[in-house]
Amino acid sequence: MDQLYVNVQKPSGKPSKRKGVVKENIYANEEVIHTLVPNTTGIALPGAGDERKHFCRGAAVFLGLLCLLLLSGLVVLVFLFTKGNSERKMEMALLHNSYNNVTRERNDLQISYNNVTRERNDLQISYNNLMKELDQLQTRYNNLAEEQDRLQKRFENVTKETNDLQKKLQDHKQWVYFSGSLYYISSQQKSWQQSRDDCLQRNADLLIINSKEEQDFTRRFKRLLWIGLTDREREGTWKWVDGSPLTTSYWDSGEPNGMSGVRDEDCAEIKYPEKENNWNDECCDFQRFWICEKTVAL
Ligand code: 2F8
Ligand code: CA
């Protein structure tokens with residue numbers, strides 16, 4: 001602004017008072033000015049000074065605004081860059097952490113998978129071993145079952161043999177040896193025929209008395225006993241069970257009487273053990289003990 005006053009006396013005093021003076025001075029120096037600054041470009045045409053000032057001022061404002069805008073944009077860009085960089089770093093850190101976590105979990109899962117696989121293999125081996133053992137036990141069980149059946153049959157056979165031997169032993173205890181023969185005294189009572197059948201089953205027969213010693217021997221049992229003497233085939237004709245005729249007899253007095261007219265008495269018994277002669281003829285259906293005899297082969 002000062003240049004406007006080159007070679008022009010600077011106004012003094014208050015502007016309000018020098019207004020007319022300034023206007024006068026400007027026009028007074030007009031020629032001088034034109035002389036000092038030739039009008040060669042057209043910019044300094046008369047009246048273009050204000051426009052130029054306005055233009056410069058606008059350009060300055062524009063440039064200022066532009067600079068301000070650029071500066072703001074730069075600040076925003078720096079801010080955004082800084083912020084983005086920070087977020088990126090944060091995201092990277094989070095991703096890195098996530099990656100580490102996932103990696104760790106993957107490793108843990110791998111270890112778990114390996115452990116489970118190993119356990120599965122161990123279980124498979126155990127299962128196979130158990131199946132083998134099961135087969136062996138099944139075979140063993142089958143063998144034992146067969147052995148059990150065999151032993152059960154053997155046990156039954158042995159039991160039967162034992163019972164038979166027990167019975168034979170018991171029977172044997174009931175046999176008494178005397179003078180070349182074995183004598184069996186029954187412990188129950190039966191008819192004459194049933195008694196004889198029992199003797200026959202024991203490979204013996206009802207007693208045949210061949211001597212006085214044998215007759216006296218029978219008295220020691222002190223029981224009523226059927227003996228092997230009968231006249232069933234022919235009344236009054238007494239025969240021993242081996243078919244031999246009665247030669248020496250030991251009838252009680254009055255016997256055999258046949259209870260004539262009352263009942264048939266066709267079978268002989270030892271009735272009075274206390275007597276030497278102790279036979280009686282009796283009804284064959286009566287229940288009596290009996291005595292069997294079998295000779296001993298020497
Ligand atoms: O039970 C028949 C039986 O009866 C009598 O004896 C108790 C007879 N004795 C006499 O008559 C002496 C038996 O001869 C007869 O057999
Ligand atoms: Ca009689």
# chains A, B, ... in the order shown; residues from 1 in each chain; ligands from 1
$ residues_near_ligand --ligand "ligand 2" --cutoff "7 Å" --atoms "only C-alpha atoms and all ligand atoms" --output "list in words"
Glu255, Pro256, Asn257, Gly258, Met259, Glu265, Asn280, Asp281 and Glu282 of chain A
$ write_last_selection --atoms "C-alpha atoms" --output "tab-separated table (two decimals), in the first residue's frame"
chain	number	residue	atom	x	y	z
A	255	GLU	CA	-48.04	-183.52	63.22
A	256	PRO	CA	-48.48	-183.50	60.38
A	257	ASN	CA	-52.18	-183.34	60.95
A	258	GLY	CA	-53.26	-181.45	57.86
A	259	MET	CA	-55.96	-179.88	60.03
A	265	GLU	CA	-51.63	-177.80	55.33
A	280	ASN	CA	-45.56	-178.64	61.82
A	281	ASP	CA	-47.47	-178.85	58.58
A	282	GLU	CA	-49.11	-175.47	57.89
$ residues_around --residues "Pro245 (chain A)" --least-positions-apart "4" --cutoff "12 Å" --atoms "only C-alpha atoms" --output "VMD selection string"
chain A and resid 208 to 210 228 to 231 234 236 to 241 249
$ residues_near_ligand --ligand "ligand 1" --cutoff "12 Å" --atoms "only C-alpha atoms and all ligand atoms" --output "PyMOL selection string"
chain A and resi 224+251-272+278-288
$ atom_distance --atom1 "CA of Gln189 (chain A)" --atom2 "CA of Ile291 (chain A)"
10.7 Å
$ select_by_dssp --residues "region 114-204 of chain A" --states "alpha helix (DSSP H)" --output "number ranges by chain"
A: 114-173, 192-201
$ decode --residues "region 119-238 of chain A" --atoms "C-alpha atoms" --output "PDB file, in the first residue's frame"
ATOM      1  CA  GLU A 119      -6.012 -96.376  23.363  1.00  0.00           C
ATOM      2  CA  ARG A 120      -8.152 -97.684  20.515  1.00  0.00           C
ATOM      3  CA  ASN A 121      -5.263 -99.860  19.338  1.00  0.00           C
ATOM      4  CA  ASP A 122      -4.686-101.087  22.882  1.00  0.00           C
ATOM      5  CA  LEU A 123      -8.395-101.834  23.224  1.00  0.00           C
ATOM      6  CA  GLN A 124      -8.369-103.638  19.897  1.00  0.00           C
ATOM      7  CA  ILE A 125      -5.463-105.781  21.097  1.00  0.00           C
ATOM      8  CA  SER A 126      -7.243-106.432  24.386  1.00  0.00           C
ATOM      9  CA  TYR A 127     -10.419-107.281  22.505  1.00  0.00           C
ATOM     10  CA  ASN A 128      -8.552-109.715  20.241  1.00  0.00           C
ATOM     11  CA  ASN A 129      -6.878-111.315  23.248  1.00  0.00           C
ATOM     12  CA  LEU A 130     -10.203-111.586  25.045  1.00  0.00           C
ATOM     13  CA  MET A 131     -11.792-113.174  21.971  1.00  0.00           C
ATOM     14  CA  LYS A 132      -8.965-115.741  21.872  1.00  0.00           C
ATOM     15  CA  GLU A 133      -9.417-116.364  25.573  1.00  0.00           C
ATOM     16  CA  LEU A 134     -13.163-116.652  25.056  1.00  0.00           C
ATOM     17  CA  ASP A 135     -12.616-119.265  22.343  1.00  0.00           C
ATOM     18  CA  GLN A 136     -10.250-121.171  24.588  1.00  0.00           C
ATOM     19  CA  LEU A 137     -12.702-120.953  27.481  1.00  0.00           C
ATOM     20  CA  GLN A 138     -15.549-122.071  25.208  1.00  0.00           C
ATOM     21  CA  THR A 139     -13.492-125.070  24.100  1.00  0.00           C
ATOM     22  CA  ARG A 140     -12.529-125.742  27.705  1.00  0.00           C
ATOM     23  CA  TYR A 141     -16.174-125.404  28.726  1.00  0.00           C
ATOM     24  CA  ASN A 142     -17.264-127.890  26.040  1.00  0.00           C
ATOM     25  CA  ASN A 143     -14.576-130.331  27.124  1.00  0.00           C
ATOM     26  CA  LEU A 144     -15.566-129.922  30.754  1.00  0.00           C
ATOM     27  CA  ALA A 145     -19.240-130.396  29.848  1.00  0.00           C
ATOM     28  CA  GLU A 146     -18.364-133.657  28.100  1.00  0.00           C
ATOM     29  CA  GLU A 147     -16.189-134.653  31.017  1.00  0.00           C
ATOM     30  CA  GLN A 148     -19.029-133.792  33.376  1.00  0.00           C
ATOM     31  CA  ASP A 149     -21.452-135.997  31.401  1.00  0.00           C
ATOM     32  CA  ARG A 150     -18.908-138.813  31.409  1.00  0.00           C
ATOM     33  CA  LEU A 151     -18.281-138.430  35.134  1.00  0.00           C
ATOM     34  CA  GLN A 152     -22.031-138.175  35.806  1.00  0.00           C
ATOM     35  CA  LYS A 153     -22.591-141.502  34.026  1.00  0.00           C
ATOM     36  CA  ARG A 154     -19.581-142.968  35.766  1.00  0.00           C
ATOM     37  CA  PHE A 155     -20.923-141.664  39.096  1.00  0.00           C
ATOM     38  CA  GLU A 156     -24.330-143.215  38.407  1.00  0.00           C
ATOM     39  CA  ASN A 157     -22.684-146.522  37.489  1.00  0.00           C
ATOM     40  CA  VAL A 158     -20.477-146.446  40.573  1.00  0.00           C
ATOM     41  CA  THR A 159     -23.502-145.540  42.707  1.00  0.00           C
ATOM     42  CA  LYS A 160     -25.413-148.483  41.280  1.00  0.00           C
ATOM     43  CA  GLU A 161     -22.409-150.756  41.796  1.00  0.00           C
ATOM     44  CA  THR A 162     -22.058-149.460  45.337  1.00  0.00           C
ATOM     45  CA  ASN A 163     -25.719-150.081  46.045  1.00  0.00           C
ATOM     46  CA  ASP A 164     -25.472-153.558  44.556  1.00  0.00           C
ATOM     47  CA  LEU A 165     -22.362-154.278  46.597  1.00  0.00           C
ATOM     48  CA  GLN A 166     -24.033-152.831  49.673  1.00  0.00           C
ATOM     49  CA  LYS A 167     -27.004-155.074  49.084  1.00  0.00           C
ATOM     50  CA  LYS A 168     -24.741-158.052  48.489  1.00  0.00           C
ATOM     51  CA  LEU A 169     -22.774-157.192  51.611  1.00  0.00           C
ATOM     52  CA  GLN A 170     -25.988-156.872  53.577  1.00  0.00           C
ATOM     53  CA  ASP A 171     -27.196-160.152  52.121  1.00  0.00           C
ATOM     54  CA  HIS A 172     -23.833-161.685  52.857  1.00  0.00           C
ATOM     55  CA  LYS A 173     -24.131-160.648  56.480  1.00  0.00           C
ATOM     56  CA  GLN A 174     -27.381-162.599  56.649  1.00  0.00           C
ATOM     57  CA  TRP A 175     -25.717-165.798  55.469  1.00  0.00           C
ATOM     58  CA  VAL A 176     -24.346-168.153  58.072  1.00  0.00           C
ATOM     59  CA  TYR A 177     -21.920-170.955  57.333  1.00  0.00           C
ATOM     60  CA  PHE A 178     -22.498-174.348  58.878  1.00  0.00           C
ATOM     61  CA  SER A 179     -21.012-177.711  57.968  1.00  0.00           C
ATOM     62  CA  GLY A 180     -20.366-177.152  54.305  1.00  0.00           C
ATOM     63  CA  SER A 181     -23.451-174.992  53.611  1.00  0.00           C
ATOM     64  CA  LEU A 182     -24.491-171.328  53.798  1.00  0.00           C
ATOM     65  CA  TYR A 183     -27.816-170.480  55.459  1.00  0.00           C
ATOM     66  CA  TYR A 184     -29.858-167.310  54.955  1.00  0.00           C
ATOM     67  CA  ILE A 185     -32.435-166.242  57.561  1.00  0.00           C
ATOM     68  CA  SER A 186     -35.023-163.776  56.227  1.00  0.00           C
ATOM     69  CA  SER A 187     -35.861-160.543  58.018  1.00  0.00           C
ATOM     70  CA  GLN A 188     -39.432-160.443  56.676  1.00  0.00           C
ATOM     71  CA  GLN A 189     -42.295-162.912  56.311  1.00  0.00           C
ATOM     72  CA  LYS A 190     -43.801-164.345  53.133  1.00  0.00           C
ATOM     73  CA  SER A 191     -45.856-167.273  51.905  1.00  0.00           C
ATOM     74  CA  TRP A 192     -44.114-170.611  51.363  1.00  0.00           C
ATOM     75  CA  GLN A 193     -43.879-170.141  47.572  1.00  0.00           C
ATOM     76  CA  GLN A 194     -42.740-166.498  47.784  1.00  0.00           C
ATOM     77  CA  SER A 195     -40.126-167.581  50.292  1.00  0.00           C
ATOM     78  CA  ARG A 196     -38.870-170.262  47.982  1.00  0.00           C
ATOM     79  CA  ASP A 197     -38.729-167.831  45.059  1.00  0.00           C
ATOM     80  CA  ASP A 198     -36.569-165.514  47.162  1.00  0.00           C
ATOM     81  CA  CYS A 199     -34.171-168.346  47.900  1.00  0.00           C
ATOM     82  CA  LEU A 200     -34.006-169.249  44.242  1.00  0.00           C
ATOM     83  CA  GLN A 201     -33.099-165.589  43.412  1.00  0.00           C
ATOM     84  CA  ARG A 202     -30.212-165.946  45.854  1.00  0.00           C
ATOM     85  CA  ASN A 203     -28.957-169.014  44.015  1.00  0.00           C
ATOM     86  CA  ALA A 204     -30.227-171.129  46.909  1.00  0.00           C
ATOM     87  CA  ASP A 205     -33.406-173.014  47.918  1.00  0.00           C
ATOM     88  CA  LEU A 206     -35.443-173.559  51.024  1.00  0.00           C
ATOM     89  CA  LEU A 207     -33.617-175.586  53.676  1.00  0.00           C
ATOM     90  CA  ILE A 208     -33.330-179.370  53.276  1.00  0.00           C
ATOM     91  CA  ILE A 209     -32.513-181.064  56.589  1.00  0.00           C
ATOM     92  CA  ASN A 210     -30.280-184.044  56.075  1.00  0.00           C
ATOM     93  CA  SER A 211     -28.957-184.653  59.594  1.00  0.00           C
ATOM     94  CA  LYS A 212     -29.683-184.310  63.291  1.00  0.00           C
ATOM     95  CA  GLU A 213     -26.864-181.668  63.476  1.00  0.00           C
ATOM     96  CA  GLU A 214     -28.535-179.634  60.792  1.00  0.00           C
ATOM     97  CA  GLN A 215     -31.883-179.939  62.562  1.00  0.00           C
ATOM     98  CA  ASP A 216     -30.357-178.742  65.812  1.00  0.00           C
ATOM     99  CA  PHE A 217     -28.578-175.906  63.919  1.00  0.00           C
ATOM    100  CA  THR A 218     -31.926-174.430  62.802  1.00  0.00           C
ATOM    101  CA  ARG A 219     -33.167-174.166  66.395  1.00  0.00           C
ATOM    102  CA  ARG A 220     -30.710-171.387  67.261  1.00  0.00           C
ATOM    103  CA  PHE A 221     -32.686-168.812  65.220  1.00  0.00           C
ATOM    104  CA  LYS A 222     -35.701-169.186  67.485  1.00  0.00           C
ATOM    105  CA  ARG A 223     -38.249-168.284  64.790  1.00  0.00           C
ATOM    106  CA  LEU A 224     -41.053-169.935  62.908  1.00  0.00           C
ATOM    107  CA  LEU A 225     -39.356-170.780  59.595  1.00  0.00           C
ATOM    108  CA  TRP A 226     -40.525-172.274  56.345  1.00  0.00           C
ATOM    109  CA  ILE A 227     -38.346-175.218  55.259  1.00  0.00           C
ATOM    110  CA  GLY A 228     -38.130-176.913  51.864  1.00  0.00           C
ATOM    111  CA  LEU A 229     -40.610-179.724  52.575  1.00  0.00           C
ATOM    112  CA  THR A 230     -44.114-180.072  51.024  1.00  0.00           C
ATOM    113  CA  ASP A 231     -46.805-182.619  50.092  1.00  0.00           C
ATOM    114  CA  ARG A 232     -48.550-180.257  47.627  1.00  0.00           C
ATOM    115  CA  GLU A 233     -48.132-182.728  44.758  1.00  0.00           C
ATOM    116  CA  ARG A 234     -49.607-185.638  46.637  1.00  0.00           C
ATOM    117  CA  GLU A 235     -51.283-185.344  49.991  1.00  0.00           C
ATOM    118  CA  GLY A 236     -49.358-187.282  52.620  1.00  0.00           C
ATOM    119  CA  THR A 237     -46.304-187.769  50.463  1.00  0.00           C
ATOM    120  CA  TRP A 238     -43.722-185.353  51.756  1.00  0.00           C
TER     121      TRP A 238
END
